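J.: So that we are looking at the same thing, I have put the structure below in structure tokens.
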Amino acid sequence: MVLSINGDKHEVTVDPDVELLIVLRDYIGLTGTKYGCGEGACGACTVLVNGNITRSCITPVNSVAGKEITTIEGLEKNGELHAVQEAFLATDAFQCSYCASGMIMAAVALLKHNPSPSENAIVNAMNTNICRCGTYPYIVKAIQLAAKS
Amino acid sequence: MKNPDHLQHPFEPMTDELPPEPGYHFILDRRKFLALTGGGLVVAFVLRDMLSFSGETLSPGNSQVPVSGVGAWIHISEDGKVTVYTGKVEVGQNIRTSLAQLVAEELMVPLSSITMIMGDTDLVPYDAGTFGSRTTPQMGPQLRKAAATAREALLEMAAKNWNTTAGNLKAENGMIVNAATNKKIGYGELTKGQQLLIPISDNVQLIATKDWKVAGKTVPKINERNFITGKHQYVSDMKLPGMLYGKVLRAPSYGAKLLDADVTKASKIPGVVVVKDENFIGVAAPDVKTAIKALEAIDAKWEENKGHPSNENIFDYLVKNARGESGGRNADDTKGNVEQGLTEAEFKHSKTYNIHYIAHVPLEPRAAVAEWIDGKLTVWTGTQRPFGVQQELADVFKMSKEKVRVIMPDTGSGYGGKHSGEAAIEAARLSKEAKKPVKLVWTREEEFTWAYFRPGGVIDVSAGVKKDGTITAWKFNNYNSGGAGLATPYKIGNQKIAHLPSNTPLKQGSYRGLAATANVFARESHMTDLARLIKMDQLEFRLKNLEDDRLIAVLQAAAKSFGWNGPKTQGHGFGIAGGFEKGGYVGCCAEVMINGDKEVKVVRITQAFDCGAIVNPHHLEQQAMGSIIQGLGGALFETVQFANGKILNSGLSSYRVPRFSDIPKIEIVLIDRKDIPSAGAGEACIVGVAPAIRNAIVDATGITLNTLPMLPNGALA
Ligand code: FES
Ligand code: FES
């Protein structure tokens, strides 16, 4: 089947029910998207499918064939970071950063739908993403900074 | 507790989580070392009494440099680049950055010219591990000394070149400068063509903390761009040519015995390698899905153990199974006469505090990639103890440590939970049989079930107090939680304090702050209850009984910033708690609100933190914040549920960790004590959170909650 990821077409031969996360990481080599729980409960595996937040760990790959998939690797364009990445960089938000890709993808989607979210809106939108290092307050700050820019 | 012969190092990992390991030093071959670094100047930490240096350079005849237990070395190459080799590892605490800052400060080089090589057993000197907040207080000063030694050596070398004395020169931005003559020479030029190996000097002059320019300041995380673009390769992201994916057959419950397993079907799946070695059964396959299929094709029969306790009856179990051992950290710490102190009391108060087992839940579960080449094993794995894992592998495969290399790329956190090398051993076992590199990543369920937990415990406290606030007696018995934070900082003439280990039904081990979280919870809860008995303010009662200036200072700083004496809304309560751990002092104030449905909301937390001289304010605040937020989980709702030898909530949908919506307003007040050596920052801040919240709930409602977690359902019963 053919997948469209970060604007590129990828032909993969894989069972239709294999999770998108496994295909991205093991078959295509896009390892920026992480495994954290495998049950849609932590957000580490968040990618965008047609611009919408998707948990790739519970998404069968055949359900996204032909759709536009964006992963963390697709945000940087021509060596330029996405505004949300810039904001996270400036905030120095993360510790181990294992949650970073999922957080940033969720933030990108949030800001697209709501360009200037209130703190409450940020908390609600991001609440399904876990950072076990407890960097939440800095993530909120980074998103607020990204909203301003 | 006081007998030094029995005193276990207080920061060591707990014995249950580790295999016994002999203390050892590895001998570094000088030629190998120079081959590794090329030319230039090297400053190494060495055991002074084990070698004799002749002059500054090592005499060629003496080719072996023994490396001390806490080692590191610094290399300045012929192009002026600085490389720091240390056995410490990066698990998100940002020591890659803070250690580099310390070196940059002493060596007078830009931060960007420093490369940190960390946690690679072939490249770095032995290190016991990254735990117990030891990096900053121990590795920090060592690296400062090494960098300063290098700086002085470079000054001497330049002085010799220019026929002057080092006193006329200064180091600046990677150069030695003679201000009088305006001559400059780069470090690289000075070391060109040299092969110098010099020992660290103990007498070297360090830059005074108050004069710090790079250290002590907020600088961003090194390599941060790689992390926010998804480029950083965690072990679970690695892929080697020809690599297979491993899976291990797990027992259905703890203690289950494998009776029989038929692996024929699994072995027939194309590309699958099955390893059956005594009670280890694992598979390696070209992709993860095939590995899972192969595992499912194995027909295994188990005999399960009956009679496991569950978290319903765990506290009785721990008390009943207490081992009456004493000695070491478990010896009674007795002062005065407790019974007499209780008789003298005007008010007495006894309570039992219960602590549930909780899990670390590092977001990246255990992972390893193993590869055998010509009898040498290389394993990449996320561990806080690369040399410990090297030893484990050497023991398991009965080979010398020199044949085992463990590499630890910056990892998806640990919190004290990644001291052991299970995944490394499993991947190596599979790889050996498959004769190909094997990657093994634990599932979340495996991480919840087969790693280790923070111990559960029971703490009995009996105390007596007089109306004027004098504490007459303090009896404190901790079953199984552990010895950290056991002693009381309060002035009490009569005390009896003990830790009684028990037979834990779950594998237990280190966790951020160790048992201090449990012990400080019991102690500080009890202190507030005593204050209430004699109708004294919680803070005033503490201050009346304290002598430790730093603890007094953090309590006062927290109270001031919090507005301890300020107005309180109806239905709200204020609580306070203080403590110290690993050289860091915390004072913590909390405000809670209780609504009509008895739901408790933590409104805000103010924490004052003093851990000596601050190395990087932003990263220090982050560590404090991380500890507070992790502390919230254990305080309010985290519990490992288990029964019949099984973990019942082994997923992130059933085991609840703090999320965005759980976070109250958190204020952190950092106290920069430039006059006190820096302590580690990753642990102390966890200890005050639970008791401060608990005491705020008492203040609001009079209800005393004595079990951690306090509010598994979010509301008072
Ligand atoms: S890994 Fe997909 S939500 Fe956790
Ligand atoms: S920074 Fe470690 S999980 Fe978020």
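Note on naming: chains are A, B, ... as they come in the structure tokens, residues start from 1 per chain, ligands start from 1 in the order shown.
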Could you give me, as a tab-separated table, every chain A residue with an atom at most 10 Å from ligand 1, plus its closest atom pair and distance in Å to one decimal, counting only C-alpha atoms and all ligand atoms, rows ordered by chain then number?
T.:
residue	atom	partner	partner_atom_place_in_ligand_line	distance
A:Glu19	CA	ligand 1	2 (Fe)	9.9
A:Leu21	CA	ligand 1	2 (Fe)	7.9
A:Thr33	CA	ligand 1	1 (S)	8.9
A:Lys34	CA	ligand 1	1 (S)	6.5
A:Tyr35	CA	ligand 1	1 (S)	4.2
A:Gly36	CA	ligand 1	1 (S)	4.0
A:Cys37	CA	ligand 1	4 (Fe)	3.9
A:Gly38	CA	ligand 1	1 (S)	4.2
A:Glu39	CA	ligand 1	3 (S)	5.6
A:Gly40	CA	ligand 1	3 (S)	3.3
A:Ala41	CA	ligand 1	3 (S)	4.4
A:Cys42	CA	ligand 1	4 (Fe)	3.8
A:Gly43	CA	ligand 1	3 (S)	3.9
A:Ala44	CA	ligand 1	4 (Fe)	5.1
A:Cys45	CA	ligand 1	2 (Fe)	4.4
A:Thr46	CA	ligand 1	2 (Fe)	6.6
A:Val47	CA	ligand 1	2 (Fe)	9.6
A:Thr54	CA	ligand 1	2 (Fe)	8.8
A:Arg55	CA	ligand 1	2 (Fe)	5.1
A:Ser56	CA	ligand 1	2 (Fe)	5.9
A:Cys57	CA	ligand 1	2 (Fe)	4.2
A:Ile58	CA	ligand 1	2 (Fe)	6.5
A:Thr59	CA	ligand 1	2 (Fe)	9.0
A:Cys99	CA	ligand 1	4 (Fe)	9.7
A:Gly102	CA	ligand 1	3 (S)	8.8
A:Thr128	CA	ligand 1	3 (S)	8.1
A:Asn129	CA	ligand 1	3 (S)	7.6
A:Ile130	CA	ligand 1	4 (Fe)	8.4
J.: Please, which residues have at least one atom within 7 Å of an atom of ligand 2, using only C-alpha atoms and all ligand atoms, listed as number ranges by chain?
T.: A: 94-100, 130-135; B: 92, 363, 412-413
J.: Name the residues in contact with stretch 62-73 of chain A at a cut-off of 6 Å, using only C-alpha atoms, excluding same-chain residues fewer than 4 positions from it; report them as a list in words.
T.: Leu3, Ser4, Ile5, Asn6, Pro16, Val47, Leu48, Val49, Asn50 and Ser101 of chain A
J.: Identify, on the basis of only C-alpha atoms, every residue whose closest approach to A:Leu89 does not exceed 9 Å; exclude the query and any residue fewer than 4 positions from it along the same chain; express the result as a ChimeraX atom specification.
T.: /A:84-85,93,142 /B:220,224-225,228
J.: Can those selected residues be exported to a file as a PDB file, in the first residue's frame so that it contains N, CA, C and O atoms?
T.:
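Written file, result12.pdb:
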ATOM      1  N   VAL A  84       6.063  26.210  16.309  1.00  0.00           N
ATOM      2  CA  VAL A  84       5.829  25.534  17.596  1.00  0.00           C
ATOM      3  C   VAL A  84       7.137  24.943  18.121  1.00  0.00           C
ATOM      4  O   VAL A  84       7.449  25.025  19.316  1.00  0.00           O
ATOM      5  N   GLN A  85       7.935  24.381  17.228  1.00  0.00           N
ATOM      6  CA  GLN A  85       9.247  23.852  17.655  1.00  0.00           C
ATOM      7  C   GLN A  85      10.128  24.984  18.181  1.00  0.00           C
ATOM      8  O   GLN A  85      10.795  24.852  19.193  1.00  0.00           O
ATOM      9  N   ALA A  93      11.732  23.407  27.360  1.00  0.00           N
ATOM     10  CA  ALA A  93      10.659  22.861  28.177  1.00  0.00           C
ATOM     11  C   ALA A  93      10.936  21.462  28.724  1.00  0.00           C
ATOM     12  O   ALA A  93      10.549  21.135  29.837  1.00  0.00           O
ATOM     13  N   ALA A 142       5.305  27.107  26.582  1.00  0.00           N
ATOM     14  CA  ALA A 142       5.791  27.030  25.204  1.00  0.00           C
ATOM     15  C   ALA A 142       4.636  27.210  24.222  1.00  0.00           C
ATOM     16  O   ALA A 142       4.771  27.890  23.200  1.00  0.00           O
TER      17      ALA A 142
ATOM     18  N   PRO B 220      20.568  26.776  27.639  1.00  0.00           N
ATOM     19  CA  PRO B 220      19.644  25.739  27.172  1.00  0.00           C
ATOM     20  C   PRO B 220      20.288  24.347  27.140  1.00  0.00           C
ATOM     21  O   PRO B 220      21.508  24.215  27.090  1.00  0.00           O
ATOM     22  N   GLU B 224      19.426  20.266  22.245  1.00  0.00           N
ATOM     23  CA  GLU B 224      17.972  20.313  22.376  1.00  0.00           C
ATOM     24  C   GLU B 224      17.258  20.199  21.028  1.00  0.00           C
ATOM     25  O   GLU B 224      16.198  19.595  20.922  1.00  0.00           O
ATOM     26  N   ARG B 225      17.860  20.789  20.028  1.00  0.00           N
ATOM     27  CA  ARG B 225      17.228  20.760  18.711  1.00  0.00           C
ATOM     28  C   ARG B 225      16.962  19.323  18.242  1.00  0.00           C
ATOM     29  O   ARG B 225      15.939  19.027  17.625  1.00  0.00           O
ATOM     30  N   ILE B 228      13.681  18.038  19.840  1.00  0.00           N
ATOM     31  CA  ILE B 228      12.374  18.564  19.418  1.00  0.00           C
ATOM     32  C   ILE B 228      12.124  18.344  17.927  1.00  0.00           C
ATOM     33  O   ILE B 228      11.068  18.699  17.417  1.00  0.00           O
TER      34      ILE B 228
END
J.: Of the candidates B:Thr334, B:Val441, B:Ser350, B:Asn480, which shows the shortest atom-to-atom distance to B:Ile492, using only C-alpha atoms?
T.: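 Looking at the shortest contact to B:Ile492, the residue is B:Thr334.
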J.: At a cut-off of 7 Å, can you tabulate as JSON lines every residue of chain B near chain A together with its closest atom pair and the distance in Å to one decimal, using only C-alpha atoms and ordering rows by chain then number?
T.:
{"residue": "B:Val91", "atom": "CA", "partner": "A:Cys96", "partner_atom": "CA", "distance": 5.6}
{"residue": "B:Gly92", "atom": "CA", "partner": "A:Cys96", "partner_atom": "CA", "distance": 3.4}
{"residue": "B:Gln93", "atom": "CA", "partner": "A:Gln95", "partner_atom": "CA", "distance": 6.1}
{"residue": "B:Asn94", "atom": "CA", "partner": "A:Gln95", "partner_atom": "CA", "distance": 6.8}
{"residue": "B:Pro220", "atom": "CA", "partner": "A:Asp92", "partner_atom": "CA", "distance": 6.0}
{"residue": "B:Lys221", "atom": "CA", "partner": "A:Asp92", "partner_atom": "CA", "distance": 6.7}
{"residue": "B:Glu224", "atom": "CA", "partner": "A:Leu89", "partner_atom": "CA", "distance": 7.0}
{"residue": "B:Arg225", "atom": "CA", "partner": "A:Leu89", "partner_atom": "CA", "distance": 6.9}
{"residue": "B:Phe227", "atom": "CA", "partner": "A:Ser97", "partner_atom": "CA", "distance": 6.1}
{"residue": "B:Ile228", "atom": "CA", "partner": "A:Ala100", "partner_atom": "CA", "distance": 6.0}
{"residue": "B:Thr229", "atom": "CA", "partner": "A:Glu73", "partner_atom": "CA", "distance": 6.0}
{"residue": "B:Gly230", "atom": "CA", "partner": "A:Gly32", "partner_atom": "CA", "distance": 3.9}
{"residue": "B:Lys231", "atom": "CA", "partner": "A:Gly32", "partner_atom": "CA", "distance": 6.2}
{"residue": "B:Asp237", "atom": "CA", "partner": "A:Thr31", "partner_atom": "CA", "distance": 5.6}
{"residue": "B:Pro362", "atom": "CA", "partner": "A:Arg132", "partner_atom": "CA", "distance": 6.6}
{"residue": "B:Leu363", "atom": "CA", "partner": "A:Gly36", "partner_atom": "CA", "distance": 5.6}
{"residue": "B:Glu364", "atom": "CA", "partner": "A:Gly36", "partner_atom": "CA", "distance": 6.2}
{"residue": "B:Thr411", "atom": "CA", "partner": "A:Cys96", "partner_atom": "CA", "distance": 6.6}
{"residue": "B:Gly412", "atom": "CA", "partner": "A:Cys96", "partner_atom": "CA", "distance": 5.2}
{"residue": "B:Ser413", "atom": "CA", "partner": "A:Cys96", "partner_atom": "CA", "distance": 5.5}
{"residue": "B:Arg444", "atom": "CA", "partner": "A:Cys37", "partner_atom": "CA", "distance": 5.3}
{"residue": "B:Met625", "atom": "CA", "partner": "A:Gly134", "partner_atom": "CA", "distance": 6.8}
{"residue": "B:Gly626", "atom": "CA", "partner": "A:Gly134", "partner_atom": "CA", "distance": 4.4}
{"residue": "B:Ile629", "atom": "CA", "partner": "A:Gly134", "partner_atom": "CA", "distance": 5.4}
{"residue": "B:Gln630", "atom": "CA", "partner": "A:Gly134", "partner_atom": "CA", "distance": 6.5}
{"residue": "B:Gly651", "atom": "CA", "partner": "A:Cys37", "partner_atom": "CA", "distance": 6.8}
{"residue": "B:Leu652", "atom": "CA", "partner": "A:Ala41", "partner_atom": "CA", "distance": 5.8}
{"residue": "B:Ser653", "atom": "CA", "partner": "A:Ala41", "partner_atom": "CA", "distance": 5.5}
{"residue": "B:Arg659", "atom": "CA", "partner": "A:Ile130", "partner_atom": "CA", "distance": 6.0}
{"residue": "B:Phe660", "atom": "CA", "partner": "A:Asn127", "partner_atom": "CA", "distance": 5.3}
{"residue": "B:Ser661", "atom": "CA", "partner": "A:Val123", "partner_atom": "CA", "distance": 6.0}
J.: Taking N, CA and C atoms for each residue, export the selection above as an mmCIF file, in the first residue's frame.
T.:
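Just written: part-v3.cif:
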data_model
loop_
_atom_site.group_PDB
_atom_site.id
_atom_site.type_symbol
_atom_site.label_atom_id
_atom_site.label_comp_id
_atom_site.auth_asym_id
_atom_site.auth_seq_id
_atom_site.Cartn_x
_atom_site.Cartn_y
_atom_site.Cartn_z
ATOM 1 N N VAL B 91 19.525 11.163 31.799
ATOM 2 C CA VAL B 91 18.168 10.608 31.740
ATOM 3 C C VAL B 91 17.137 11.736 31.803
ATOM 4 N N GLY B 92 17.548 12.921 31.365
ATOM 5 C CA GLY B 92 16.605 14.037 31.356
ATOM 6 C C GLY B 92 16.867 15.040 32.459
ATOM 7 N N GLN B 93 17.809 14.694 33.339
ATOM 8 C CA GLN B 93 18.101 15.635 34.434
ATOM 9 C C GLN B 93 19.042 16.744 33.967
ATOM 10 N N ASN B 94 19.423 16.685 32.700
ATOM 11 C CA ASN B 94 20.241 17.732 32.079
ATOM 12 C C ASN B 94 21.639 17.867 32.667
ATOM 13 N N PRO B 220 20.568 26.776 27.639
ATOM 14 C CA PRO B 220 19.644 25.739 27.172
ATOM 15 C C PRO B 220 20.288 24.347 27.140
ATOM 16 N N LYS B 221 19.428 23.352 27.163
ATOM 17 C CA LYS B 221 19.841 21.956 27.076
ATOM 18 C C LYS B 221 20.714 21.747 25.848
ATOM 19 N N GLU B 224 19.426 20.266 22.245
ATOM 20 C CA GLU B 224 17.972 20.313 22.376
ATOM 21 C C GLU B 224 17.258 20.199 21.028
ATOM 22 N N ARG B 225 17.860 20.789 20.028
ATOM 23 C CA ARG B 225 17.228 20.760 18.711
ATOM 24 C C ARG B 225 16.962 19.323 18.242
ATOM 25 N N PHE B 227 16.196 16.866 20.022
ATOM 26 C CA PHE B 227 15.075 16.268 20.752
ATOM 27 C C PHE B 227 13.735 16.779 20.258
ATOM 28 N N ILE B 228 13.681 18.038 19.840
ATOM 29 C CA ILE B 228 12.374 18.564 19.418
ATOM 30 C C ILE B 228 12.124 18.344 17.927
ATOM 31 N N THR B 229 13.084 17.746 17.244
ATOM 32 C CA THR B 229 12.850 17.417 15.842
ATOM 33 C C THR B 229 12.719 15.909 15.643
ATOM 34 N N GLY B 230 12.790 15.160 16.746
ATOM 35 C CA GLY B 230 12.647 13.709 16.656
ATOM 36 C C GLY B 230 13.898 13.016 16.156
ATOM 37 N N LYS B 231 15.016 13.744 16.089
ATOM 38 C CA LYS B 231 16.229 13.140 15.520
ATOM 39 C C LYS B 231 17.012 12.328 16.543
ATOM 40 N N ASP B 237 14.876 3.441 19.411
ATOM 41 C CA ASP B 237 14.803 3.914 18.018
ATOM 42 C C ASP B 237 15.891 3.305 17.128
ATOM 43 N N PRO B 362 8.782 5.182 33.603
ATOM 44 C CA PRO B 362 9.554 5.997 32.669
ATOM 45 C C PRO B 362 8.855 5.922 31.312
ATOM 46 N N LEU B 363 8.717 7.073 30.624
ATOM 47 C CA LEU B 363 7.890 7.038 29.412
ATOM 48 C C LEU B 363 8.512 6.138 28.343
ATOM 49 N N GLU B 364 9.847 6.061 28.318
ATOM 50 C CA GLU B 364 10.475 5.058 27.457
ATOM 51 C C GLU B 364 10.694 3.802 28.299
ATOM 52 N N THR B 411 18.564 8.819 27.567
ATOM 53 C CA THR B 411 17.451 7.886 27.677
ATOM 54 C C THR B 411 16.165 8.550 28.149
ATOM 55 N N GLY B 412 15.063 7.890 27.836
ATOM 56 C CA GLY B 412 13.740 8.375 28.212
ATOM 57 C C GLY B 412 13.436 8.204 29.674
ATOM 58 N N SER B 413 14.296 8.762 30.501
ATOM 59 C CA SER B 413 14.129 8.914 31.958
ATOM 60 C C SER B 413 14.230 7.614 32.756
ATOM 61 N N ARG B 444 4.696 -1.621 27.647
ATOM 62 C CA ARG B 444 4.323 -0.918 28.881
ATOM 63 C C ARG B 444 3.917 -1.923 29.953
ATOM 64 N N MET B 625 10.422 21.122 39.823
ATOM 65 C CA MET B 625 9.061 21.006 39.298
ATOM 66 C C MET B 625 8.714 19.540 39.018
ATOM 67 N N GLY B 626 9.646 18.841 38.377
ATOM 68 C CA GLY B 626 9.422 17.433 38.071
ATOM 69 C C GLY B 626 9.198 16.619 39.337
ATOM 70 N N ILE B 629 5.712 17.419 40.786
ATOM 71 C CA ILE B 629 4.614 16.835 40.006
ATOM 72 C C ILE B 629 4.600 15.316 40.154
ATOM 73 N N GLN B 630 5.791 14.708 40.171
ATOM 74 C CA GLN B 630 5.818 13.263 40.401
ATOM 75 C C GLN B 630 5.304 12.967 41.816
ATOM 76 N N GLY B 651 -1.233 -0.861 32.787
ATOM 77 C CA GLY B 651 -1.259 -0.021 31.589
ATOM 78 C C GLY B 651 -1.497 1.423 31.983
ATOM 79 N N LEU B 652 -1.260 2.336 31.046
ATOM 80 C CA LEU B 652 -1.427 3.750 31.394
ATOM 81 C C LEU B 652 -2.889 4.187 31.396
ATOM 82 N N SER B 653 -3.780 3.306 30.937
ATOM 83 C CA SER B 653 -5.194 3.648 31.062
ATOM 84 C C SER B 653 -5.720 3.245 32.440
ATOM 85 N N ARG B 659 -1.442 14.332 35.069
ATOM 86 C CA ARG B 659 -1.624 14.912 33.737
ATOM 87 C C ARG B 659 -1.751 16.432 33.871
ATOM 88 N N PHE B 660 -1.859 17.100 32.726
ATOM 89 C CA PHE B 660 -1.954 18.576 32.737
ATOM 90 C C PHE B 660 -3.004 19.064 33.744
ATOM 91 N N SER B 661 -4.168 18.440 33.738
ATOM 92 C CA SER B 661 -5.274 18.968 34.551
ATOM 93 C C SER B 661 -5.078 18.724 36.046
#
J.: When you draw a straight line from atom CA of B:Gly633 to atom CA of B:Ile314, how long is it in Å?
T.: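 Computing the Euclidean distance for atom CA of B:Gly633 and atom CA of B:Ile314 yields 20.0 Å.
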J.: Show me, as a ChimeraX atom specification, the residues that have an atom within 7 Å of B:Ala428 when counting only C-alpha atoms, minus same-chain residues fewer than 3 positions from it.
T.: /B:370-371,424-425,431-432
J.: With all heavy atoms retained, export the selected residues as an mmCIF file, in the first residue's frame.
T.:
data_model
loop_
_atom_site.group_PDB
_atom_site.id
_atom_site.type_symbol
_atom_site.label_atom_id
_atom_site.label_comp_id
_atom_site.auth_asym_id
_atom_site.auth_seq_id
_atom_site.Cartn_x
_atom_site.Cartn_y
_atom_site.Cartn_z
ATOM 1 N N ALA B 370 21.447 -5.532 21.216
ATOM 2 C CA ALA B 370 22.667 -6.286 21.510
ATOM 3 C C ALA B 370 23.266 -6.814 20.218
ATOM 4 O O ALA B 370 22.548 -7.157 19.274
ATOM 5 C CB ALA B 370 22.358 -7.451 22.445
ATOM 6 N N GLU B 371 24.583 -6.853 20.211
ATOM 7 C CA GLU B 371 25.281 -7.350 19.025
ATOM 8 C C GLU B 371 26.559 -8.065 19.466
ATOM 9 O O GLU B 371 27.303 -7.553 20.312
ATOM 10 C CB GLU B 371 25.644 -6.156 18.123
ATOM 11 C CG GLU B 371 26.345 -6.556 16.840
ATOM 12 C CD GLU B 371 26.613 -5.349 15.934
ATOM 13 O OE1 GLU B 371 26.890 -4.260 16.466
ATOM 14 O OE2 GLU B 371 26.537 -5.515 14.704
ATOM 15 N N ALA B 424 18.805 -5.742 28.666
ATOM 16 C CA ALA B 424 20.133 -5.945 28.080
ATOM 17 C C ALA B 424 20.480 -7.429 28.046
ATOM 18 O O ALA B 424 20.958 -7.962 27.031
ATOM 19 C CB ALA B 424 21.177 -5.179 28.901
ATOM 20 N N ILE B 425 20.215 -8.109 29.146
ATOM 21 C CA ILE B 425 20.531 -9.537 29.216
ATOM 22 C C ILE B 425 19.676 -10.313 28.216
ATOM 23 O O ILE B 425 20.161 -11.186 27.487
ATOM 24 C CB ILE B 425 20.299 -10.066 30.653
ATOM 25 C CG1 ILE B 425 21.316 -9.411 31.592
ATOM 26 C CG2 ILE B 425 20.384 -11.592 30.703
ATOM 27 C CD1 ILE B 425 21.035 -9.625 33.056
ATOM 28 N N SER B 431 20.446 -12.475 20.851
ATOM 29 C CA SER B 431 21.391 -12.132 19.797
ATOM 30 C C SER B 431 22.478 -13.191 19.665
ATOM 31 O O SER B 431 22.937 -13.517 18.574
ATOM 32 C CB SER B 431 22.010 -10.764 20.111
ATOM 33 O OG SER B 431 23.066 -10.489 19.237
ATOM 34 N N LYS B 432 22.866 -13.748 20.798
ATOM 35 C CA LYS B 432 23.922 -14.758 20.780
ATOM 36 C C LYS B 432 23.490 -15.965 19.944
ATOM 37 O O LYS B 432 24.243 -16.475 19.124
ATOM 38 C CB LYS B 432 24.219 -15.192 22.222
ATOM 39 C CG LYS B 432 25.503 -15.959 22.345
ATOM 40 C CD LYS B 432 25.880 -16.198 23.780
ATOM 41 C CE LYS B 432 27.238 -16.882 23.779
ATOM 42 N NZ LYS B 432 27.517 -17.558 25.024
#
J.: Near B:Gly382, counting only C-alpha atoms, which residues have an atom at most 9 Å away, once you skip same-chain residues fewer than 2 positions from it, shown as a PyMOL selection string?
T.: chain B and resi 91+234-236+364-368+380+384-386+407-414+418+421+424
J.: Using only C-alpha atoms, which protein or nucleic acid residues come within 12 Å of stretch 447-450 of chain B? Drop anything in the same chain fewer than 2 positions from it, and give the result as a PyMOL selection string.
T.: (chain A and resi 36-37) or (chain B and resi 17+248-255+357-367+414+417-418+420-423+441-445+452-454+506-508+639-642+645-652+654-655)
J.: Which of stretch 419-656 of chain B end up as strand (DSSP E or B) when DSSP is run on this backbone - answer as a PyMOL selection string?
T.: chain B and resi 438-441+453-454+457-465+471-479+490+495-500+502+508+546+572-581+584-594+599-610+642-643+646-647
J.: From chain A, collect each residue whose DSSP state is alpha helix (DSSP H) and return the set as a PyMOL selection string.
T.: chain A and resi 20-22+83-91+100-113+119-126+136-148
